[in-house]
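Participant: Quick one, data04.cif (mmCIF, C-alpha atoms (C1' of nucleotides)):
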data_final
loop_
_atom_site.label_atom_id
_atom_site.label_comp_id
_atom_site.auth_asym_id
_atom_site.auth_seq_id
_atom_site.Cartn_x
_atom_site.Cartn_y
_atom_site.Cartn_z
CA MET S 136 153.71 131.65 127.52
CA SER S 137 154.78 130.23 130.86
CA LEU S 138 157.96 128.71 129.53
CA ARG S 139 159.05 132.13 128.34
CA HIS S 140 158.59 133.57 131.81
CA ALA S 141 160.08 130.56 133.52
CA LEU S 142 163.26 131.12 131.52
CA LEU S 143 163.16 134.82 132.21
CA GLY S 144 162.78 134.17 135.93
CA ALA S 145 165.65 131.72 135.99
CA LEU S 146 167.87 134.25 134.20
CA ALA S 147 166.74 137.04 136.53
CA ASP S 148 168.19 134.88 139.27
CA ASP S 149 171.57 134.58 137.56
CA PRO S 150 173.08 134.55 134.07
CA ARG S 151 173.22 131.00 132.79
CA THR S 152 173.99 128.98 129.68
CA GLY S 153 171.20 127.19 127.84
CA TYR S 154 172.50 123.90 129.13
CA ALA S 155 172.59 125.17 132.71
CA LEU S 156 168.97 126.28 132.28
CA LEU S 157 168.09 122.83 131.00
CA LYS S 158 169.65 121.24 134.09
CA HIS S 159 167.93 123.77 136.32
CA PHE S 160 164.61 122.80 134.76
CA GLU S 161 165.31 119.12 135.28
CA GLN S 162 166.30 119.57 138.91
CA SER S 163 163.94 122.12 140.37
CA LEU S 164 161.56 123.76 137.91
CA ALA S 165 160.49 120.38 136.54
CA TYR S 166 158.22 119.93 139.57
CA ALA S 167 156.22 122.96 138.41
CA TRP S 168 156.92 123.29 134.70
CA PRO S 169 158.76 120.50 132.87
CA ALA S 170 160.58 121.53 129.68
CA SER S 171 162.96 119.80 127.31
CA HIS S 172 165.98 121.15 125.45
CA SER S 173 164.06 121.23 122.15
CA GLN S 174 161.72 123.77 123.67
CA ILE S 175 164.29 125.73 125.66
CA TYR S 176 166.86 126.51 122.96
CA PRO S 177 164.44 127.98 120.39
CA GLU S 178 162.69 129.97 123.11
CA LEU S 179 166.02 131.45 124.22
CA ALA S 180 166.64 132.55 120.64
CA ARG S 181 163.24 134.22 120.56
CA LEU S 182 163.81 135.92 123.92
CA GLN S 183 167.06 137.30 122.55
CA ASP S 184 165.39 138.49 119.35
CA ASP S 185 162.85 140.30 121.49
CA GLY S 186 165.55 141.94 123.56
CA LEU S 187 164.44 140.37 126.85
CA ILE S 188 167.74 138.56 127.32
CA GLU S 189 171.20 139.00 125.82
CA GLN S 190 174.10 136.70 125.17
CA THR S 191 176.98 137.86 127.33
CA GLU S 192 179.52 135.18 126.68
CA THR S 193 180.51 132.27 124.44
CA GLY S 194 182.11 129.46 126.38
CA PRO S 195 183.84 126.19 125.54
CA ARG S 196 181.97 123.69 123.34
CA GLY S 197 179.90 126.47 121.89
CA SER S 198 178.01 127.18 125.08
CA LYS S 199 176.18 130.50 125.25
CA THR S 200 175.68 132.43 128.44
CA TYR S 201 172.57 134.57 128.61
CA ALA S 202 171.69 137.39 131.00
CA ILE S 203 168.37 139.12 131.49
CA THR S 204 168.09 142.71 130.21
CA GLU S 205 166.30 145.62 131.85
CA THR S 206 163.43 145.06 129.42
CA GLY S 207 163.33 141.41 130.40
CA LEU S 208 163.26 142.24 134.10
CA ALA S 209 160.41 144.67 133.49
CA GLU S 210 158.59 141.95 131.56
CA ILE S 211 158.80 139.33 134.30
CA ARG S 212 157.65 141.89 136.86
CA ARG S 213 154.73 142.80 134.60
CA TRP S 214 153.87 139.12 134.18
CA LEU S 215 153.89 138.49 137.93
CA ARG S 216 151.93 141.63 138.74
CA GLU S 217 149.49 142.08 135.93
CA THR S 218 148.61 138.70 134.55
CA GLU S 219 146.24 136.32 136.26
CA PRO S 220 147.91 132.94 136.92
CA ASP S 221 146.49 130.04 134.95
CA ARG S 222 145.55 127.88 137.92
CA ARG S 223 144.67 124.78 135.99
CA VAL S 224 146.69 121.76 136.99
CA ARG S 225 147.22 118.81 134.71
CA SER S 226 148.10 115.51 136.34
CA GLU S 227 147.62 112.16 134.71
CA ALA S 228 148.31 110.50 138.05
CA ALA S 229 145.32 112.33 139.57
CA LEU S 230 143.16 111.48 136.57
CA ARG S 231 143.79 107.77 136.97
CA ALA S 232 142.39 107.85 140.47
CA PHE S 233 138.92 108.51 139.05
CA PHE S 234 139.03 105.24 137.15
CA LEU S 235 140.35 102.93 139.85
CA TRP S 236 137.03 101.11 140.04
CA VAL S 237 137.63 99.77 136.51
CA LEU S 238 140.29 97.41 137.89
CA GLU S 239 139.80 94.75 140.54
CA PRO S 240 140.61 96.09 144.04
CA GLU S 241 143.89 94.17 144.41
CA GLU S 242 145.12 95.40 141.07
CA ALA S 243 144.05 98.97 141.81
CA ALA S 244 145.87 98.81 145.14
CA GLY S 245 148.95 97.55 143.33
CA GLN S 246 148.86 100.58 141.05
CA LEU S 247 148.59 102.92 144.01
CA GLU S 248 151.52 101.20 145.69
CA ARG S 249 153.65 101.94 142.65
CA GLU S 250 152.53 105.56 142.86
CA ARG S 251 153.49 105.64 146.51
CA ALA S 252 156.95 104.30 145.79
CA TYR S 253 157.46 106.90 143.10
CA TRP S 254 156.35 109.86 145.23
CA ARG S 255 158.39 108.62 148.20
CA GLY S 256 161.42 108.87 145.94
CA VAL S 257 160.46 112.42 145.01
CA LEU S 258 159.97 113.33 148.66
CA ASP S 259 163.40 111.92 149.53
CA GLU S 260 164.95 113.96 146.76
CA LEU S 261 163.21 117.17 147.88
CA GLU S 262 164.28 116.55 151.48
CA ARG S 263 167.83 116.02 150.29
CA ILE S 264 167.71 119.39 148.53
CA GLN S 265 166.18 121.01 151.60
CA ALA S 266 169.02 119.74 153.75
CA GLU S 267 171.64 121.40 151.55
CA PRO S 268 173.08 124.65 152.90
CA THR S 269 171.78 127.82 151.22
CA GLY S 270 172.32 131.55 151.40
CA GLU S 271 170.28 134.04 153.34
CA GLY S 272 169.18 136.50 150.66
CA ARG S 273 165.70 136.89 149.28
CA LYS S 274 166.43 134.60 146.36
CA ALA S 275 167.47 131.78 148.66
CA ARG S 276 164.46 132.36 150.90
CA ALA S 277 162.07 132.36 147.93
CA PHE S 278 163.62 129.14 146.69
CA ARG S 279 163.08 127.55 150.09
CA ILE S 280 159.47 128.71 150.11
CA ALA S 281 158.89 127.14 146.69
CA LEU S 282 160.60 123.98 147.91
CA GLU S 283 158.35 123.86 150.95
CA GLY S 284 155.39 124.07 148.56
CA GLY S 285 156.67 121.00 146.76
CA LEU S 286 157.25 119.14 150.01
CA ALA S 287 153.75 119.98 151.25
CA THR S 288 152.13 118.82 148.01
CA VAL S 289 154.08 115.58 147.76
CA GLY S 290 153.61 114.89 151.46
CA ALA S 291 149.85 115.29 151.15
CA ARG S 292 149.77 113.03 148.12
CA LEU S 293 151.62 110.32 150.04
CA GLU S 294 149.24 110.53 152.99
CA TRP S 295 146.34 110.29 150.59
CA LEU S 296 147.89 107.23 148.91
CA ASP S 297 148.30 105.55 152.30
CA SER S 298 144.63 106.02 153.12
CA ALA S 299 143.46 105.10 149.61
CA ILE S 300 145.46 101.86 149.67
CA ALA S 301 144.02 101.04 153.08
CA GLU S 302 140.51 101.66 151.81
CA LEU S 303 141.01 99.46 148.76
CA GLY S 304 142.10 96.66 151.09
CA SER S 305 139.01 96.94 153.28
CA PRO S 306 136.35 94.20 153.07
CA GLU S 307 133.76 96.58 151.56
CA TRP S 308 135.69 96.76 148.34
CA ALA S 309 136.38 93.07 147.96
CA ALA S 310 132.91 91.92 148.93
CA ARG S 311 130.93 94.21 146.73
CA ALA S 312 130.05 93.51 143.11
CA PRO S 313 131.83 95.69 140.51
CA ASP S 314 128.74 97.91 140.61
CA MET O 141 146.57 110.39 124.84
CA SER O 142 145.21 111.10 128.29
CA LEU O 143 142.14 112.94 127.05
CA ARG O 144 141.17 109.87 125.06
CA HIS O 145 141.34 107.71 128.14
CA ALA O 146 139.68 110.29 130.33
CA LEU O 147 136.69 110.23 127.97
CA LEU O 148 136.75 106.46 127.86
CA GLY O 149 136.81 106.28 131.65
CA ALA O 150 133.93 108.71 131.98
CA LEU O 151 131.89 106.68 129.51
CA ALA O 152 132.82 103.42 131.23
CA ASP O 153 131.13 104.95 134.27
CA ASP O 154 127.93 105.68 132.39
CA PRO O 155 126.71 106.49 128.86
CA ARG O 156 126.70 110.25 128.37
CA THR O 157 126.19 112.92 125.73
CA GLY O 158 129.12 115.01 124.54
CA TYR O 159 127.70 117.96 126.41
CA ALA O 160 127.31 115.95 129.61
CA LEU O 161 130.93 114.89 129.27
CA LEU O 162 131.91 118.53 128.86
CA LYS O 163 130.10 119.43 132.08
CA HIS O 164 131.62 116.43 133.84
CA PHE O 165 135.05 117.67 132.83
CA GLU O 166 134.30 121.15 134.09
CA GLN O 167 132.99 119.93 137.42
CA SER O 168 135.21 117.08 138.49
CA LEU O 169 137.79 115.98 135.96
CA ALA O 170 138.98 119.57 135.46
CA TYR O 171 140.95 119.30 138.71
CA ALA O 172 143.05 116.59 137.09
CA TRP O 173 142.69 117.07 133.34
CA PRO O 174 141.03 120.23 132.00
CA ALA O 175 139.52 119.95 128.52
CA SER O 176 137.36 122.19 126.36
CA HIS O 177 134.52 121.33 124.00
CA SER O 178 136.70 121.96 120.96
CA GLN O 179 138.91 119.09 122.07
CA ILE O 180 136.19 116.78 123.36
CA TYR O 181 133.87 116.65 120.34
CA PRO O 182 136.50 115.74 117.72
CA GLU O 183 138.01 113.18 120.10
CA LEU O 184 134.60 111.54 120.56
CA ALA O 185 134.31 111.25 116.78
CA ARG O 186 137.72 109.58 116.65
CA LEU O 187 136.84 107.20 119.50
CA GLN O 188 133.72 106.21 117.58
CA ASP O 189 135.69 105.71 114.35
CA ASP O 190 138.03 103.44 116.26
CA GLY O 191 135.15 101.42 117.70
CA LEU O 192 135.96 102.23 121.32
CA ILE O 193 132.63 103.95 121.88
CA GLU O 194 129.32 103.91 120.03
CA GLN O 195 126.47 106.35 119.65
CA THR O 196 123.41 104.81 121.23
CA GLU O 197 120.93 107.63 120.99
CA THR O 198 120.14 110.96 119.38
CA GLY O 199 118.39 113.34 121.73
CA PRO O 200 116.77 116.77 121.48
CA ARG O 201 118.79 119.66 120.03
CA GLY O 202 120.97 117.17 118.19
CA SER O 203 122.59 115.77 121.31
CA LYS O 204 124.39 112.45 120.91
CA THR O 205 124.61 109.85 123.62
CA TYR O 206 127.70 107.64 123.58
CA ALA O 207 128.38 104.37 125.37
CA ILE O 208 131.66 102.52 125.75
CA THR O 209 132.06 99.29 123.76
CA GLU O 210 133.71 96.06 124.89
CA THR O 211 136.77 97.08 122.88
CA GLY O 212 136.77 100.45 124.65
CA LEU O 213 136.51 98.83 128.07
CA ALA O 214 139.41 96.54 127.19
CA GLU O 215 141.40 99.58 126.07
CA ILE O 216 140.94 101.55 129.28
CA ARG O 217 141.89 98.47 131.30
CA ARG O 218 144.97 98.03 129.17
CA TRP O 219 145.86 101.69 129.64
CA LEU O 220 145.51 101.50 133.41
CA ARG O 221 147.40 98.23 133.67
CA GLU O 222 150.10 98.36 131.07
CA THR O 223 151.09 101.96 130.56
CA GLU O 224 153.26 103.90 132.94
CA PRO O 225 151.54 107.07 134.17
CA ASP O 226 153.11 110.31 133.03
CA ARG O 227 153.79 111.76 136.46
CA ARG O 228 154.80 115.20 135.33
CA VAL O 229 152.68 117.95 136.82
CA ARG O 230 152.32 121.36 135.22
CA SER O 231 151.25 124.20 137.47
CA GLU O 232 151.83 127.83 136.66
CA ALA O 233 150.83 128.72 140.20
CA ALA O 234 153.70 126.59 141.56
CA LEU O 235 156.09 128.06 139.01
CA ARG O 236 155.40 131.60 140.14
CA ALA O 237 156.48 130.74 143.67
CA PHE O 238 160.08 130.40 142.44
CA PHE O 239 160.08 134.00 141.31
CA LEU O 240 158.52 135.66 144.33
CA TRP O 241 161.78 137.37 145.19
CA VAL O 242 161.48 139.46 142.00
CA LEU O 243 158.68 141.48 143.63
CA GLU O 244 158.89 143.50 146.82
CA PRO O 245 157.83 141.44 149.87
CA GLU O 246 154.51 143.25 150.36
CA GLU O 247 153.56 142.78 146.75
CA ALA O 248 154.62 139.13 146.76
CA ALA O 249 152.52 138.57 149.88
CA GLY O 250 149.58 140.21 148.13
CA GLN O 251 149.91 137.76 145.26
CA LEU O 252 149.95 134.82 147.65
CA GLU O 253 146.87 136.15 149.41
CA ARG O 254 145.02 136.12 146.11
CA GLU O 255 146.16 132.54 145.61
CA ARG O 256 144.90 131.67 149.04
CA ALA O 257 141.48 133.18 148.35
CA TYR O 258 141.24 131.20 145.12
CA TRP O 259 142.20 127.87 146.63
CA ARG O 260 139.91 128.42 149.61
CA GLY O 261 137.10 128.72 147.09
CA VAL O 262 138.15 125.45 145.48
CA LEU O 263 138.34 123.76 148.88
CA ASP O 264 134.83 124.97 149.73
CA GLU O 265 133.55 123.62 146.45
CA LEU O 266 135.22 120.23 146.99
CA GLU O 267 133.84 120.04 150.52
CA ARG O 268 130.41 120.85 149.18
CA ILE O 269 130.71 117.95 146.73
CA GLN O 270 131.98 115.69 149.49
CA ALA O 271 128.94 116.50 151.63
CA GLU O 272 126.55 115.38 148.88
CA PRO O 273 125.04 111.93 149.37
CA THR O 274 126.51 109.21 147.13
CA GLY O 275 125.96 105.54 146.40
CA GLU O 276 127.86 102.67 147.94
CA GLY O 277 129.16 100.84 144.90
CA ARG O 278 132.77 100.73 143.79
CA LYS O 279 132.28 103.62 141.39
CA ALA O 280 131.02 105.89 144.15
CA ARG O 281 133.82 104.79 146.46
CA ALA O 282 136.47 105.40 143.79
CA PHE O 283 135.00 108.82 143.16
CA ARG O 284 135.24 109.63 146.84
CA ILE O 285 138.85 108.45 146.93
CA ALA O 286 139.70 110.71 144.00
CA LEU O 287 137.89 113.56 145.73
CA GLU O 288 139.87 112.99 148.90
CA GLY O 289 143.01 113.27 146.80
CA GLY O 290 141.88 116.67 145.63
CA LEU O 291 140.99 117.77 149.14
CA ALA O 292 144.37 116.64 150.48
CA THR O 293 146.26 118.47 147.73
CA VAL O 294 144.30 121.71 148.03
CA GLY O 295 144.44 121.58 151.82
CA ALA O 296 148.22 121.20 151.75
CA ARG O 297 148.53 124.08 149.31
CA LEU O 298 146.50 126.32 151.62
CA GLU O 299 148.61 125.43 154.64
CA TRP O 300 151.71 126.18 152.63
CA LEU O 301 150.28 129.54 151.53
CA ASP O 302 149.57 130.44 155.17
CA SER O 303 153.14 129.77 156.17
CA ALA O 304 154.60 131.43 153.07
CA ILE O 305 152.57 134.59 153.66
CA ALA O 306 153.70 134.64 157.28
CA GLU O 307 157.32 134.27 156.22
CA LEU O 308 157.06 137.10 153.70
CA GLY O 309 155.76 139.32 156.49
CA SER O 310 158.65 138.54 158.82
CA PRO O 311 161.30 141.23 159.44
CA GLU O 312 164.05 139.22 157.68
CA TRP O 313 162.37 139.78 154.32
CA ALA O 314 161.66 143.45 154.72
CA ALA O 315 165.02 144.37 156.23
CA ARG O 316 167.24 142.63 153.75
CA ALA O 317 168.39 144.11 150.45
CA PRO O 318 166.86 142.53 147.30
CA ASP O 319 170.00 140.33 147.20
"C1'" DG Y 185 190.90 105.62 121.42
"C1'" DC Y 186 186.47 105.53 123.41
"C1'" DA Y 187 182.73 106.46 126.33
"C1'" DC Y 188 180.35 109.99 128.58
"C1'" DA Y 189 178.71 114.29 129.67
"C1'" DC Y 190 178.51 118.79 127.68
"C1'" DA Y 191 176.23 121.70 124.34
"C1'" DT Y 192 173.14 123.20 120.75
"C1'" DG Y 193 170.06 122.94 117.16
"C1'" DT Y 194 165.94 121.40 113.68
"C1'" DA Y 195 161.75 118.85 112.03
"C1'" DA Y 196 157.58 116.23 112.16
"C1'" DG Y 197 153.81 115.20 114.51
"C1'" DT Y 198 150.49 115.60 118.47
"C1'" DT Y 199 147.98 118.07 121.74
"C1'" DG Y 200 145.75 122.01 123.46
"C1'" DT Y 201 143.83 126.98 123.08
"C1'" DT Y 202 141.16 130.65 121.24
"C1'" DA Y 203 138.16 132.21 118.02
"C1'" DC Y 204 134.71 131.44 114.63
"C1'" DA Y 205 130.23 129.43 113.48
"C1'" DT Y 206 125.58 127.62 113.86
"C1'" DG Y 207 121.27 126.08 115.50
"C1'" DA Y 208 117.60 124.33 119.19
"C1'" DT Y 209 114.91 124.60 123.45
"C1'" DT Y 210 113.56 126.80 127.84
"C1'" DA Y 211 112.43 130.45 131.07
"C1'" DC Y 212 110.99 135.01 131.59
"C1'" DG A 189 110.78 138.27 121.78
"C1'" DT A 190 114.98 137.67 123.86
"C1'" DA A 191 118.37 136.02 126.82
"C1'" DA A 192 120.41 132.01 128.65
"C1'" DT A 193 121.60 127.45 128.32
"C1'" DC A 194 121.89 123.46 125.61
"C1'" DA A 195 124.40 121.27 121.89
"C1'" DT A 196 127.76 120.48 118.34
"C1'" DG A 197 131.18 121.43 115.19
"C1'" DT A 198 135.60 123.63 112.52
"C1'" DA A 199 139.89 126.43 111.83
"C1'" DA A 200 144.03 128.85 112.94
"C1'" DC A 201 147.42 129.08 115.95
"C1'" DA A 202 150.47 128.03 119.91
"C1'" DA A 203 152.71 124.75 122.84
"C1'" DC A 204 154.77 120.47 123.60
"C1'" DT A 205 156.90 115.80 122.46
"C1'" DT A 206 159.77 112.68 120.09
"C1'" DA A 207 163.07 111.83 116.95
"C1'" DC A 208 166.77 113.30 114.15
"C1'" DA A 209 171.28 115.57 113.85
"C1'" DT A 210 175.84 117.32 114.99
"C1'" DG A 211 179.90 118.59 117.27
"C1'" DT A 212 183.20 119.41 121.74
"C1'" DG A 213 185.94 118.61 125.91
"C1'" DT A 214 187.10 115.33 129.85
"C1'" DG A 215 188.32 111.15 132.15
"C1'" DC A 216 189.92 106.59 131.74
#
What does the file become when written as structure tokens?

Facilitator:
Amino acid sequence: MSLRHALLGALADDPRTGYALLKHFEQSLAYAWPASHSQIYPELARLQDDGLIEQTETGPRGSKTYAITETGLAEIRRWLRETEPDRRVRSEAALRAFFLWVLEPEEAAGQLERERAYWRGVLDELERIQAEPTGEGRKARAFRIALEGGLATVGARLEWLDSAIAELGSPEWAARAPD
Amino acid sequence: MSLRHALLGALADDPRTGYALLKHFEQSLAYAWPASHSQIYPELARLQDDGLIEQTETGPRGSKTYAITETGLAEIRRWLRETEPDRRVRSEAALRAFFLWVLEPEEAAGQLERERAYWRGVLDELERIQAEPTGEGRKARAFRIALEGGLATVGARLEWLDSAIAELGSPEWAARAPD
DNA sequence: GCACACATGTAAGTTGTTACATGATTAC
DNA sequence: GTAATCATGTAACAACTTACATGTGTGC
């Protein structure tokens, strides 16, 4: 039920429309918990049914603004405090690394170079966000902490890719028989 | 269809029983793609139906040993070469960082300390695996590269947790109103 | 007037989780 | 004998993806 709590957390931050939540997911939360509109809208309806959020406004083009309720705030606090985080991480990119030996070294290195280009782009984007001016409250500080987590992870991945590409280019790989 | 290719990759490495694959997932692949027995066994049956793997042996206690076929090997190569990796990463632990401000600073710091303890354990385990002697072929080298990826990621996460915990303990957090 | 971004929703299918279910061998 | 581990499977449910579907305001 992470999506439920992700939405609750985003609305605890500030009342937002469904569409604004969708954009928020695309821009920042996507790095931790990607979600599409077809998941978000029905879940918002369920959260409202359960009294954890309420619709406070109807805007132009049928947009609906939701705000978290007291019950909802209690629920996200309970989730953070009382439930054990599911620490499993799913990453197809990491999975592929295990099977690099299936390809010839040059081809494997080529794949990793594409990965590097992609994650460089992500790092640039995160650094761009980091450079933007922010407030000084706890919310802004927490956001910056989360952002630093993203930067650390992506930075480490890039360093790893550099060394992995170098290793694939070393004579040991090329010289040796497939296994 | 990542599970399918994860199984194919593991069997390309070596023929294995379903149970051995399950253990392999728990021990190494889990860091990239967790999977349970209730997903693995039916998927093996489907892979066999599709001719990508074949059962080569029936062992004690009804265990079944599978080996990859030529078709299966071609399929994993095709997957690695021709399909774009899904680079989305899902991590509840990372998600929770965005909502740290919802808790009081001391409580939030406590949560991060639990995270730190958990990831230290994972780092220890990965370092233990790294210290084990391995072969020198491409498979062993690729495995070590993947392992280094895990070590880099977990190491970066731990460094981030150290700095985040320090920041939550700083006077700015305690002094300031919730927002 | 037309393209684009805004804005929300549903439906079908796939993937993943949790629980149910069963039986065989090994170590004590 | 009994507990633990080995070994495989199914079923119900929840979560997620992709495709379908529709309508509104803004800028050119």

Participant: Give the answer as one residue: which of Y:DC212, Y:DA195, Y:DA205, Y:DC190 has the shortest atom-to-atom distance to chain S, using all atoms listed in the file?

Facilitator: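 Closest residue, counting all atoms listed in the file: Y:DC190.
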
Participant: Do me a favour and pick out the residues of chain Y within 8 Å of chain O, using only C-alpha atoms (C1' of nucleotides), as a list in words.

Facilitator: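 The contacting residues on chain Y are DG200, DA208 and DT209 of chain Y.
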
Participant: Can you work out the spacing between CA of Ala160 in chain O and CA of Glu239 in chain S in Å, to one decimal?

Facilitator: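 Rounded to one decimal, the two atoms are 26.9 Å apart.
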
Participant: Given the PyMOL selection byres ((chain S) within 8 of (chain O)) and the file above, list the residues it selects as an MDAnalysis selection string.

Facilitator: chainID S and resid 137 141 144 147 164:169 212 215:216 220:238 246 272:274 277:278 280:281 283:284 287:288 291:292 295 299 308 311:314

Participant: If the box runs along x, y and z of the file and leaves 8 Å on each side of range 184-198 of chain O, what are its centre and edge lengths in Å, one decimal, as lines of an AutoDock Vina configuration file?

Facilitator:
center_x = 129.1
center_y = 106.5
center_z = 118.1
size_x = 33.9
size_y = 26.1
size_z = 23.5

Participant: With 12 Å as the limit and counting all atoms listed in the file, what residues in chain A lie close to chain O? Please list them as an mmCIF file with C-alpha atoms (C1' of nucleotides), in the frame of the given file.

Facilitator:
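To be explicit, this is the file written out as out-v4.cif:
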data_model
loop_
_atom_site.group_PDB
_atom_site.id
_atom_site.type_symbol
_atom_site.label_atom_id
_atom_site.label_comp_id
_atom_site.auth_asym_id
_atom_site.auth_seq_id
_atom_site.Cartn_x
_atom_site.Cartn_y
_atom_site.Cartn_z
ATOM 1 C "C1'" DT A 193 121.600 127.450 128.320
ATOM 2 C "C1'" DC A 194 121.890 123.460 125.610
ATOM 3 C "C1'" DA A 195 124.400 121.270 121.890
ATOM 4 C "C1'" DT A 196 127.760 120.480 118.340
ATOM 5 C "C1'" DG A 197 131.180 121.430 115.190
ATOM 6 C "C1'" DT A 198 135.600 123.630 112.520
ATOM 7 C "C1'" DA A 199 139.890 126.430 111.830
ATOM 8 C "C1'" DC A 204 154.770 120.470 123.600
ATOM 9 C "C1'" DT A 205 156.900 115.800 122.460
#

Participant: Work out how far apart CA of Arg144 in chain O and CA of Leu187 in chain O are and give it in Å to one decimal.

Facilitator: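 Separation of CA of Arg144 in chain O and CA of Leu187 in chain O: 7.5 Å.
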
Participant: Extract, using only C-alpha atoms (C1' of nucleotides), all DNA, RNA and protein residues at most 12 Å from DC186 in chain Y, discarding same-chain residues fewer than 3 positions from it, and format them as a PyMOL selection string.

Facilitator: chain A and resi 214-216

Participant: Between C1' of DG197 in chain Y and C1' of DA200 in chain A, measure the distance and give it in Å to one decimal.

Facilitator: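 Between C1' of DG197 in chain Y and C1' of DA200 in chain A the gap works out to 16.9 Å.
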
Participant: Would you list the contacts of Asp185 in chain S as a short mmCIF file (atom, residue, chain, number, x, y, z; two decimals) with C-alpha atoms, in the coordinates of the input, taking every protein, DNA or RNA residue within 10 Å and counting all atoms listed in the file, but skipping same-chain residues closer than 4 positions in sequence?

Facilitator:
data_model
loop_
_atom_site.label_atom_id
_atom_site.label_comp_id
_atom_site.auth_asym_id
_atom_site.auth_seq_id
_atom_site.Cartn_x
_atom_site.Cartn_y
_atom_site.Cartn_z
CA LEU S 179 166.02 131.45 124.22
CA ALA S 180 166.64 132.55 120.64
CA ARG S 181 163.24 134.22 120.56
CA GLU S 189 171.20 139.00 125.82
CA THR S 206 163.43 145.06 129.42
CA GLY S 207 163.33 141.41 130.40
#

Participant: Rebuild range 198-210 of chain S to N, CA, C and O atoms - output it as a PDB file, in the coordinates of the input, please.

Facilitator:
ATOM      1  N   SER S 198     179.067 126.806 124.131  1.00  0.00           N
ATOM      2  CA  SER S 198     178.010 127.180 125.080  1.00  0.00           C
ATOM      3  C   SER S 198     177.794 128.691 125.071  1.00  0.00           C
ATOM      4  O   SER S 198     178.712 129.469 124.833  1.00  0.00           O
ATOM      5  N   LYS S 199     176.539 129.085 125.280  1.00  0.00           N
ATOM      6  CA  LYS S 199     176.180 130.500 125.250  1.00  0.00           C
ATOM      7  C   LYS S 199     175.623 130.904 126.609  1.00  0.00           C
ATOM      8  O   LYS S 199     174.679 130.291 127.096  1.00  0.00           O
ATOM      9  N   THR S 200     176.200 131.934 127.169  1.00  0.00           N
ATOM     10  CA  THR S 200     175.680 132.430 128.440  1.00  0.00           C
ATOM     11  C   THR S 200     174.744 133.593 128.179  1.00  0.00           C
ATOM     12  O   THR S 200     175.090 134.523 127.445  1.00  0.00           O
ATOM     13  N   TYR S 201     173.560 133.510 128.769  1.00  0.00           N
ATOM     14  CA  TYR S 201     172.570 134.570 128.610  1.00  0.00           C
ATOM     15  C   TYR S 201     172.350 135.301 129.931  1.00  0.00           C
ATOM     16  O   TYR S 201     172.417 134.696 131.000  1.00  0.00           O
ATOM     17  N   ALA S 202     172.069 136.596 129.822  1.00  0.00           N
ATOM     18  CA  ALA S 202     171.690 137.390 131.000  1.00  0.00           C
ATOM     19  C   ALA S 202     170.401 138.119 130.672  1.00  0.00           C
ATOM     20  O   ALA S 202     170.137 138.437 129.512  1.00  0.00           O
ATOM     21  N   ILE S 203     169.613 138.396 131.703  1.00  0.00           N
ATOM     22  CA  ILE S 203     168.370 139.120 131.490  1.00  0.00           C
ATOM     23  C   ILE S 203     168.687 140.602 131.259  1.00  0.00           C
ATOM     24  O   ILE S 203     169.658 141.118 131.802  1.00  0.00           O
ATOM     25  N   THR S 204     167.903 141.263 130.434  1.00  0.00           N
ATOM     26  CA  THR S 204     168.090 142.710 130.210  1.00  0.00           C
ATOM     27  C   THR S 204     167.115 143.483 131.097  1.00  0.00           C
ATOM     28  O   THR S 204     166.247 142.888 131.731  1.00  0.00           O
ATOM     29  N   GLU S 205     167.238 144.788 131.098  1.00  0.00           N
ATOM     30  CA  GLU S 205     166.300 145.620 131.850  1.00  0.00           C
ATOM     31  C   GLU S 205     164.863 145.386 131.360  1.00  0.00           C
ATOM     32  O   GLU S 205     163.931 145.289 132.139  1.00  0.00           O
ATOM     33  N   THR S 206     164.743 145.320 130.027  1.00  0.00           N
ATOM     34  CA  THR S 206     163.430 145.060 129.420  1.00  0.00           C
ATOM     35  C   THR S 206     162.873 143.721 129.900  1.00  0.00           C
ATOM     36  O   THR S 206     161.675 143.605 130.206  1.00  0.00           O
ATOM     37  N   GLY S 207     163.742 142.733 129.964  1.00  0.00           N
ATOM     38  CA  GLY S 207     163.330 141.410 130.400  1.00  0.00           C
ATOM     39  C   GLY S 207     162.872 141.412 131.854  1.00  0.00           C
ATOM     40  O   GLY S 207     161.862 140.782 132.210  1.00  0.00           O
ATOM     41  N   LEU S 208     163.609 142.147 132.683  1.00  0.00           N
ATOM     42  CA  LEU S 208     163.260 142.240 134.100  1.00  0.00           C
ATOM     43  C   LEU S 208     161.907 142.930 134.259  1.00  0.00           C
ATOM     44  O   LEU S 208     161.069 142.499 135.066  1.00  0.00           O
ATOM     45  N   ALA S 209     161.703 143.965 133.452  1.00  0.00           N
ATOM     46  CA  ALA S 209     160.410 144.670 133.490  1.00  0.00           C
ATOM     47  C   ALA S 209     159.292 143.709 133.063  1.00  0.00           C
ATOM     48  O   ALA S 209     158.205 143.717 133.646  1.00  0.00           O
ATOM     49  N   GLU S 210     159.590 142.873 132.066  1.00  0.00           N
ATOM     50  CA  GLU S 210     158.590 141.950 131.560  1.00  0.00           C
ATOM     51  C   GLU S 210     158.194 140.895 132.599  1.00  0.00           C
ATOM     52  O   GLU S 210     157.013 140.605 132.766  1.00  0.00           O
TER      53      GLU S 210
END
